[in-house]
file target36.cif (mmCIF, C-alpha atoms and all ligand atoms)
data_coords
#
loop_
_atom_site.label_atom_id
_atom_site.label_comp_id
_atom_site.auth_asym_id
_atom_site.auth_seq_id
_atom_site.Cartn_x
_atom_site.Cartn_y
_atom_site.Cartn_z
CA MET A 1 139.49 197.20 59.18
CA THR A 2 136.77 194.92 60.41
CA LYS A 3 137.71 193.26 63.69
CA VAL A 4 136.57 189.66 64.02
CA ILE A 5 135.34 188.72 67.49
CA LYS A 6 134.84 185.05 68.28
CA ASN A 7 134.52 185.17 72.05
CA ILE A 8 131.97 186.90 74.24
CA SER A 9 134.65 187.73 76.81
CA GLU A 10 136.72 189.51 74.15
CA TRP A 11 133.69 191.53 73.03
CA LYS A 12 132.77 192.43 76.62
CA VAL A 13 136.12 194.16 77.10
CA ILE A 14 135.57 196.23 73.95
CA ARG A 15 131.90 196.91 74.70
CA ASN A 16 132.77 198.24 78.17
CA SER A 17 135.82 200.21 77.02
CA GLU A 18 136.16 203.99 76.96
CA ASP A 19 136.24 203.82 73.13
CA LEU A 20 132.60 202.78 72.97
CA LYS A 21 131.40 204.99 75.80
CA ASN A 22 128.69 207.41 74.65
CA LYS A 23 128.75 205.89 71.16
CA THR A 24 125.64 204.49 69.48
CA ILE A 25 125.91 200.82 68.56
CA GLY A 26 124.01 199.40 65.58
CA PHE A 27 123.66 195.66 65.04
CA VAL A 28 122.82 193.46 62.04
CA PRO A 29 122.40 189.75 62.89
CA THR A 30 122.84 187.38 59.91
CA MET A 31 123.52 183.78 59.04
CA GLY A 32 126.12 184.78 56.44
CA ALA A 33 126.22 184.02 52.69
CA LEU A 34 125.80 187.76 52.47
CA HIS A 35 124.06 189.41 49.50
CA LYS A 36 122.68 192.84 48.62
CA GLY A 37 119.72 192.34 50.97
CA HIS A 38 122.09 192.04 53.92
CA ALA A 39 124.19 194.90 52.51
CA SER A 40 121.16 197.22 52.54
CA LEU A 41 120.67 196.56 56.28
CA ILE A 42 124.37 197.08 56.94
CA GLU A 43 124.45 200.32 54.94
CA ARG A 44 121.60 201.71 56.98
CA CYS A 45 123.25 200.57 60.20
CA LEU A 46 126.52 202.29 59.25
CA LYS A 47 124.67 205.49 58.44
CA GLU A 48 122.66 205.64 61.67
CA ASN A 49 125.23 204.59 64.30
CA ASP A 50 128.74 205.42 65.47
CA ILE A 51 129.73 201.76 65.68
CA SER A 52 128.39 198.89 63.56
CA VAL A 53 128.39 195.24 64.54
CA VAL A 54 127.41 192.42 62.17
CA SER A 55 127.08 188.85 63.37
CA ILE A 56 127.40 185.69 61.30
CA PHE A 57 126.03 182.64 63.07
CA VAL A 58 124.21 179.79 61.35
CA ASN A 59 121.91 179.09 64.26
CA PRO A 60 121.24 175.34 64.48
CA THR A 61 118.25 175.66 66.85
CA GLN A 62 116.13 177.41 64.22
CA PHE A 63 116.56 174.62 61.65
CA ASN A 64 113.85 171.98 61.90
CA ASP A 65 115.38 170.07 58.97
CA PRO A 66 118.94 168.70 59.45
CA ASP A 67 119.53 168.64 55.66
CA ASP A 68 118.66 172.33 55.44
CA LEU A 69 121.21 173.10 58.16
CA ARG A 70 123.87 170.92 56.52
CA ASN A 71 123.34 172.46 53.06
CA TYR A 72 122.97 176.06 54.23
CA PRO A 73 125.47 178.11 52.17
CA ARG A 74 128.62 179.21 53.99
CA THR A 75 130.80 181.78 52.20
CA PHE A 76 132.92 183.26 54.98
CA GLU A 77 135.78 184.61 52.83
CA ASN A 78 133.43 186.61 50.60
CA ASP A 79 131.34 187.74 53.55
CA PHE A 80 134.38 189.05 55.36
CA LYS A 81 135.60 190.91 52.24
CA LEU A 82 132.20 192.59 51.88
CA LEU A 83 132.21 193.69 55.53
CA GLU A 84 135.73 195.08 55.13
CA THR A 85 134.79 196.98 51.96
CA MET A 86 131.77 198.43 53.72
CA ASN A 87 133.88 199.49 56.71
CA VAL A 88 131.95 197.52 59.29
CA ASP A 89 133.66 197.90 62.67
CA TYR A 90 133.07 194.48 64.22
CA LEU A 91 132.12 191.03 62.98
CA PHE A 92 130.85 188.78 65.76
CA TYR A 93 131.51 185.23 64.56
CA PRO A 94 130.93 182.84 67.46
CA GLU A 95 130.89 179.07 67.57
CA TYR A 96 127.94 177.03 68.82
CA GLY A 97 129.31 176.44 72.32
CA GLU A 98 129.86 180.14 72.85
CA ILE A 99 126.17 180.89 72.28
CA TYR A 100 124.64 177.71 73.71
CA SER A 101 126.62 177.03 76.87
CA ASP A 102 123.24 175.99 78.34
CA ASN A 103 122.77 173.40 75.56
CA TYR A 104 119.52 175.15 74.65
CA ARG A 105 117.87 174.34 77.98
CA TYR A 106 116.50 177.89 78.05
CA LYS A 107 114.20 179.11 75.27
CA ILE A 108 112.10 182.11 74.33
CA VAL A 109 108.60 180.96 73.37
CA GLU A 110 105.84 182.97 71.73
CA THR A 111 102.51 181.19 71.77
CA ASP A 112 100.38 182.79 69.06
CA PHE A 113 101.73 184.34 65.83
CA SER A 114 104.81 182.08 65.92
CA LYS A 115 102.53 179.08 65.44
CA LYS A 116 101.14 180.46 62.15
CA LEU A 117 102.62 180.72 58.62
CA CYS A 118 106.24 179.46 58.75
CA GLY A 119 105.78 178.37 62.38
CA ALA A 120 103.09 175.88 61.34
CA PHE A 121 105.46 174.23 58.85
CA ARG A 122 108.73 174.57 60.77
CA PRO A 123 108.14 173.34 64.35
CA GLY A 124 110.44 175.10 66.81
CA HIS A 125 111.77 177.52 64.20
CA PHE A 126 110.74 180.74 65.91
CA GLU A 127 111.77 179.49 69.36
CA GLY A 128 115.24 179.10 67.88
CA VAL A 129 115.11 182.51 66.22
CA LEU A 130 113.83 184.41 69.27
CA THR A 131 116.24 182.63 71.60
CA VAL A 132 119.30 183.38 69.50
CA VAL A 133 118.25 186.99 68.93
CA MET A 134 117.74 187.48 72.68
CA LYS A 135 121.18 186.00 73.35
CA LEU A 136 122.83 188.13 70.64
CA PHE A 137 121.12 191.28 71.92
CA ASN A 138 122.31 190.57 75.47
CA ILE A 139 125.85 190.01 74.23
CA VAL A 140 126.16 192.90 71.76
CA ARG A 141 123.95 195.34 73.70
CA PRO A 142 123.07 197.47 70.65
CA HIS A 143 120.93 200.61 70.61
CA LYS A 144 119.42 199.73 67.24
CA ALA A 145 119.06 196.44 65.39
CA TYR A 146 118.21 196.00 61.72
CA PHE A 147 115.88 193.33 60.29
CA GLY A 148 114.59 192.73 56.77
CA GLU A 149 110.91 192.71 55.85
CA LYS A 150 111.76 189.68 53.71
CA ASP A 151 111.31 187.73 56.97
CA TYR A 152 108.26 189.72 57.96
CA GLN A 153 106.91 187.24 60.50
CA GLN A 154 110.32 187.09 62.17
CA LEU A 155 110.50 190.90 62.24
CA LYS A 156 107.09 191.18 63.93
CA LEU A 157 107.93 188.47 66.48
CA ILE A 158 111.20 190.19 67.38
CA GLU A 159 109.43 193.54 67.76
CA GLY A 160 106.89 191.79 70.00
CA MET A 161 109.60 190.13 72.09
CA CYS A 162 111.37 193.45 72.69
CA LYS A 163 108.10 195.03 73.78
CA ALA A 164 107.10 192.07 75.99
CA PHE A 165 110.44 192.02 77.81
CA PHE A 166 110.89 195.82 77.99
CA MET A 167 114.11 195.63 75.99
CA ASP A 168 115.62 199.00 75.28
CA ILE A 169 116.53 198.28 71.65
CA GLU A 170 115.04 200.00 68.61
CA ILE A 171 114.11 197.48 65.92
CA VAL A 172 114.54 199.03 62.46
CA PRO A 173 112.58 197.33 59.65
CA CYS A 174 114.25 197.40 56.20
CA PRO A 175 112.51 196.89 52.83
CA ILE A 176 112.94 193.72 50.77
CA VAL A 177 115.76 193.81 48.22
CA ARG A 178 114.94 191.89 45.03
CA ASP A 179 116.81 190.70 41.96
CA GLU A 180 116.02 192.50 38.71
CA ASP A 181 113.39 189.91 37.84
CA GLY A 182 111.63 190.33 41.21
CA LEU A 183 112.87 187.31 43.16
CA ALA A 184 113.66 188.36 46.74
CA LEU A 185 117.38 187.93 47.44
CA SER A 186 118.07 185.06 49.79
CA SER A 187 121.15 183.10 50.80
CA ARG A 188 119.27 179.96 49.78
CA ASN A 189 118.98 181.23 46.18
CA LEU A 190 122.60 180.07 45.82
CA LEU A 191 121.29 176.51 46.08
CA LEU A 192 118.89 176.80 43.11
CA THR A 193 119.90 175.18 39.81
CA ASP A 194 119.70 177.41 36.71
CA GLU A 195 116.47 175.71 35.75
CA GLU A 196 114.96 176.17 39.24
CA ARG A 197 116.10 179.79 39.32
CA LYS A 198 114.11 180.47 36.14
CA ILE A 199 110.98 178.88 37.56
CA ALA A 200 111.44 180.72 40.89
CA VAL A 201 110.53 184.08 39.34
CA ASN A 202 106.89 182.95 39.11
CA PHE A 203 106.66 183.02 42.90
CA PRO A 204 106.97 186.81 43.45
CA GLU A 205 105.08 187.49 40.22
CA LEU A 206 102.05 185.48 41.29
CA LEU A 207 102.27 186.70 44.87
CA LYS A 208 101.86 190.33 43.80
CA SER A 209 99.14 189.55 41.20
CA LYS A 210 95.46 190.36 41.77
CA LYS A 211 94.57 186.65 41.99
CA SER A 212 93.24 185.09 45.19
CA ALA A 213 95.53 183.22 47.56
CA ASN A 214 93.89 179.92 46.53
CA GLN A 215 94.31 180.62 42.82
CA ILE A 216 97.96 181.49 43.34
CA LYS A 217 98.51 178.27 45.28
CA GLU A 218 96.97 176.23 42.44
CA GLU A 219 99.00 177.96 39.74
CA LEU A 220 102.24 177.53 41.67
CA GLU A 221 101.51 173.83 42.11
CA LYS A 222 100.86 173.48 38.38
CA LEU A 223 104.28 175.03 37.77
CA GLY A 224 105.91 172.37 39.95
CA PHE A 225 106.25 174.23 43.26
CA LYS A 226 105.39 172.50 46.51
CA VAL A 227 103.40 175.14 48.39
CA ASP A 228 103.54 175.38 52.19
CA TYR A 229 101.14 178.32 52.32
CA ILE A 230 99.81 181.37 50.52
CA GLU A 231 97.93 183.39 53.09
CA ASP A 232 96.57 186.92 53.47
CA ILE A 233 96.88 188.41 56.95
CA GLU A 234 96.17 192.03 57.87
CA GLY A 235 96.69 193.53 54.42
CA ARG A 236 99.77 191.47 53.59
CA ARG A 237 100.11 188.34 51.49
CA PHE A 238 102.61 185.77 52.76
CA GLY A 239 103.96 182.78 50.86
CA ALA A 240 106.35 179.88 51.35
CA VAL A 241 107.17 177.37 48.61
CA HIS A 242 109.66 174.64 47.82
CA ILE A 243 111.42 174.32 44.47
CA GLY A 244 113.34 171.07 44.47
CA LYS A 245 115.26 171.05 47.74
CA VAL A 246 115.10 174.80 48.32
CA ARG A 247 112.49 176.57 50.43
CA LEU A 248 111.69 180.19 49.54
CA ILE A 249 109.57 182.73 51.40
CA ASP A 250 108.26 186.12 50.37
CA ASN A 251 105.55 188.64 51.24
CA VAL A 252 103.90 191.66 49.61
CA GLU A 253 101.63 194.42 50.83
CA LEU A 254 98.11 194.06 49.39
P1 LIG B 301 119.57 185.78 57.26
O1 LIG B 301 121.04 185.80 57.03
O2 LIG B 301 118.80 185.11 56.16
O3 LIG B 301 119.20 185.29 58.63
O4 LIG B 301 119.09 187.29 57.19
C1 LIG B 301 119.66 188.28 58.02
C2 LIG B 301 118.83 189.53 57.91
O5 LIG B 301 118.83 189.98 56.57
C3 LIG B 301 117.37 189.30 58.30
O6 LIG B 301 116.91 190.42 59.03
C4 LIG B 301 116.68 189.20 56.96
O7 LIG B 301 115.32 189.59 56.99
C5 LIG B 301 117.50 190.18 56.14
N1 LIG B 301 117.35 189.89 54.71
C6 LIG B 301 117.59 188.71 54.08
N2 LIG B 301 117.28 188.80 52.77
C7 LIG B 301 116.83 190.06 52.56
C8 LIG B 301 116.34 190.77 51.43
N3 LIG B 301 116.26 190.21 50.22
N4 LIG B 301 115.96 192.05 51.60
C9 LIG B 301 116.03 192.64 52.82
N5 LIG B 301 116.48 192.03 53.92
C10 LIG B 301 116.87 190.75 53.81
#
call {"tool": "encode", "arguments": {"input": "target36.cif", "output": "structure tokens"}}
result
Amino acid sequence: MTKVIKNISEWKVIRNSEDLKNKTIGFVPTMGALHKGHASLIERCLKENDISVVSIFVNPTQFNDPDDLRNYPRTFENDFKLLETMNVDYLFYPEYGEIYSDNYRYKIVETDFSKKLCGAFRPGHFEGVLTVVMKLFNIVRPHKAYFGEKDYQQLKLIEGMCKAFFMDIEIVPCPIVRDEDGLALSSRNLLLTDEERKIAVNFPELLKSKKSANQIKEELEKLGFKVDYIEDIEGRRFGAVHIGKVRLIDNVEL
């Protein structure tokens, strides 16, 4: 049975109880619309910890585009069933006011890498991400937390935040899970039309090709993608594109 926790006060009682004393706590933060990518993080978390906590919170402060926030897929019933089947111990499922009692007056800001790649195209995005992750870490107080390499820039920024603030949490990176045709699984894939889904496969294919970043950008644009960036940084190629109304990101090791 997965226990749903909506209030911080309720979780605090459990977190401080004898039951959890001397147990290792693993944590997987998500925005829901769970797929096999999320499941791979959760599986690893279950394997490596006594107690597993998953959170579902569509964090408004990390959305720079109100339409993106409005349209973000929400599939709570299915998500909950998956967590139950996987034997996750706790689902933390808070409302906005529970997390942002300060009305987002306080923020975590990184001034360098967060301004590049996705940060250059989504103003305020990583402030929202880092702030919510800091809040969730302080609430859940996990020993280990699991993040996907699909959001590689996010992963690196969270690792950096933990180091900068001497946070005693091990960040565990998890490999990207892809569909059979190579498209990285993403909650936003649910929003692609059949036609867009077929075109989408060109994105990972070109990204991992031997072509230069500029060539890839040109070819994607010819195929009808709107390209935010294709950029090589420290042996890794990062990309973000739009197909219709959907924004997709991916990265590959060079
Ligand atoms: P999200 O719900 O999109 O915020 O993602 C929650 C966590 O799942 C993040 O750490 C993501 O990097 C990770 N994740 C999302 N998609 C994938 C994927 N295809 N493979 C591996 N991890 C993923």
call {"tool": "residues_around", "arguments": {"input": "target36.cif", "residues": "A:Tyr90", "least_positions_apart": "5", "cutoff": "10 Å", "atoms": "only C-alpha atoms", "output": "number ranges by chain"}}
result
A: 1-5, 11, 27, 51-55, 83-84
call {"tool": "residues_around", "arguments": {"input": "target36.cif", "residues": "A:Glu95", "least_positions_apart": "5", "cutoff": "12 Å", "atoms": "all atoms listed in the file", "output": "ChimeraX atom specification"}}
result
/A:5-8,55-60,100-101
call {"tool": "closest_residue", "arguments": {"input": "target36.cif", "among": "A:Phe63, A:Tyr146, A:Tyr229, A:Phe121", "to": "ligand LIG 301 (chain B)", "atoms": "only C-alpha atoms and all ligand atoms"}}
result
A:Tyr146
call {"tool": "residues_around", "arguments": {"input": "target36.cif", "residues": "A:Leu191", "least_positions_apart": "3", "cutoff": "10 Å", "atoms": "all atoms listed in the file", "output": "VMD selection string"}}
result
chain A and resid 71 to 73 186 to 188 194 196 to 197 244 to 247
call {"tool": "write_last_selection", "arguments": {"input": "target36.cif", "atoms": "C-alpha atoms", "output": "PDB file, keeping the file's coordinate frame"}}
result
ATOM      1  CA  ASN A  71     123.340 172.460  53.060  1.00  0.00           C
ATOM      2  CA  TYR A  72     122.970 176.060  54.230  1.00  0.00           C
ATOM      3  CA  PRO A  73     125.470 178.110  52.170  1.00  0.00           C
ATOM      4  CA  SER A 186     118.070 185.060  49.790  1.00  0.00           C
ATOM      5  CA  SER A 187     121.150 183.100  50.800  1.00  0.00           C
ATOM      6  CA  ARG A 188     119.270 179.960  49.780  1.00  0.00           C
ATOM      7  CA  ASP A 194     119.700 177.410  36.710  1.00  0.00           C
ATOM      8  CA  GLU A 196     114.960 176.170  39.240  1.00  0.00           C
ATOM      9  CA  ARG A 197     116.100 179.790  39.320  1.00  0.00           C
ATOM     10  CA  GLY A 244     113.340 171.070  44.470  1.00  0.00           C
ATOM     11  CA  LYS A 245     115.260 171.050  47.740  1.00  0.00           C
ATOM     12  CA  VAL A 246     115.100 174.800  48.320  1.00  0.00           C
ATOM     13  CA  ARG A 247     112.490 176.570  50.430  1.00  0.00           C
TER      14      ARG A 247
END
call {"tool": "residues_around", "arguments": {"input": "target36.cif", "residues": "A:Lys115", "least_positions_apart": "3", "cutoff": "12 Å", "atoms": "only C-alpha atoms", "output": "list in words"}}
result
Val109, Glu110, Thr111, Asp112, Cys118, Gly119, Ala120, Phe121, Arg122, Pro123, Gly124, His125, Phe126, Glu127, Gln153, Gln154 and Leu157 of chain A
call {"tool": "residues_near_ligand", "arguments": {"input": "target36.cif", "ligand": "ligand LIG 301 (chain B)", "cutoff": "6 Å", "atoms": "all atoms listed in the file", "output": "list of chain:residue names"}}
result
A:Pro29, A:Thr30, A:Met31, A:Gly32, A:Gly37, A:His38, A:Phe147, A:Gly148, A:Glu149, A:Lys150, A:Asp151, A:Pro175, A:Ile176, A:Val177, A:Arg178, A:Ala184, A:Leu185, A:Ser186
call {"tool": "atom_distance", "arguments": {"input": "target36.cif", "atom1": "atom CA of A:His143", "atom2": "atom CA of A:Leu46"}}
result
12.8 Å
call {"tool": "atom_distance", "arguments": {"input": "target36.cif", "atom1": "atom CA of A:Leu206", "atom2": "atom CA of A:Glu234"}}
result
18.8 Å
call {"tool": "atom_distance", "arguments": {"input": "target36.cif", "atom1": "atom CA of A:Asn214", "atom2": "atom CA of A:Gly235"}}
result
16.0 Å
call {"tool": "residues_around", "arguments": {"input": "target36.cif", "residues": "A:Ile169", "least_positions_apart": "3", "cutoff": "8 Å", "atoms": "only C-alpha atoms", "output": "ChimeraX atom specification"}}
result
/A:142-145,162
call {"tool": "closest_residue", "arguments": {"input": "target36.cif", "among": "A:Pro173, A:Met134, A:Pro66, A:Leu192", "to": "A:Arg44", "atoms": "all atoms listed in the file"}}
result
A:Pro173
call {"tool": "closest_residue", "arguments": {"input": "target36.cif", "among": "A:Lys156, A:Tyr93, A:Met86, A:Phe203", "to": "A:Val172", "atoms": "only C-alpha atoms"}}
result
A:Lys156
call {"tool": "closest_residue", "arguments": {"input": "target36.cif", "among": "A:Val241, A:Leu91, A:Ala33, A:Cys174", "to": "A:Val201", "atoms": "all atoms listed in the file"}}
result
A:Val241
call {"tool": "closest_residue", "arguments": {"input": "target36.cif", "among": "A:Glu195, A:Arg236, A:Thr61, A:Glu221", "to": "A:Val129", "atoms": "all atoms listed in the file"}}
result
A:Thr61
call {"tool": "decode", "arguments": {"input": "target36.cif", "residues": "stretch 136-152 of chain A", "atoms": "C-alpha atoms", "output": "mmCIF file, in the first residue's frame"}}
result
data_model
loop_
_atom_site.group_PDB
_atom_site.id
_atom_site.type_symbol
_atom_site.label_atom_id
_atom_site.label_comp_id
_atom_site.auth_asym_id
_atom_site.auth_seq_id
_atom_site.Cartn_x
_atom_site.Cartn_y
_atom_site.Cartn_z
ATOM 1 C CA LEU A 136 11.259 19.063 -1.102
ATOM 2 C CA PHE A 137 14.631 17.919 0.266
ATOM 3 C CA ASN A 138 14.059 19.873 3.485
ATOM 4 C CA ILE A 139 10.604 18.359 3.862
ATOM 5 C CA VAL A 140 11.348 14.736 2.939
ATOM 6 C CA ARG A 141 14.888 14.663 4.383
ATOM 7 C CA PRO A 142 16.071 11.767 2.192
ATOM 8 C CA HIS A 143 19.485 10.105 2.275
ATOM 9 C CA LYS A 144 19.500 9.588 -1.486
ATOM 10 C CA ALA A 145 17.616 11.310 -4.296
ATOM 11 C CA TYR A 146 17.263 10.061 -7.864
ATOM 12 C CA PHE A 147 17.413 12.229 -10.994
ATOM 13 C CA GLY A 148 17.357 11.347 -14.694
ATOM 14 C CA GLU A 149 20.146 12.230 -17.112
ATOM 15 C CA LYS A 150 17.355 13.154 -19.522
ATOM 16 C CA ASP A 151 17.395 16.515 -17.705
ATOM 17 C CA TYR A 152 21.171 16.609 -17.577
#
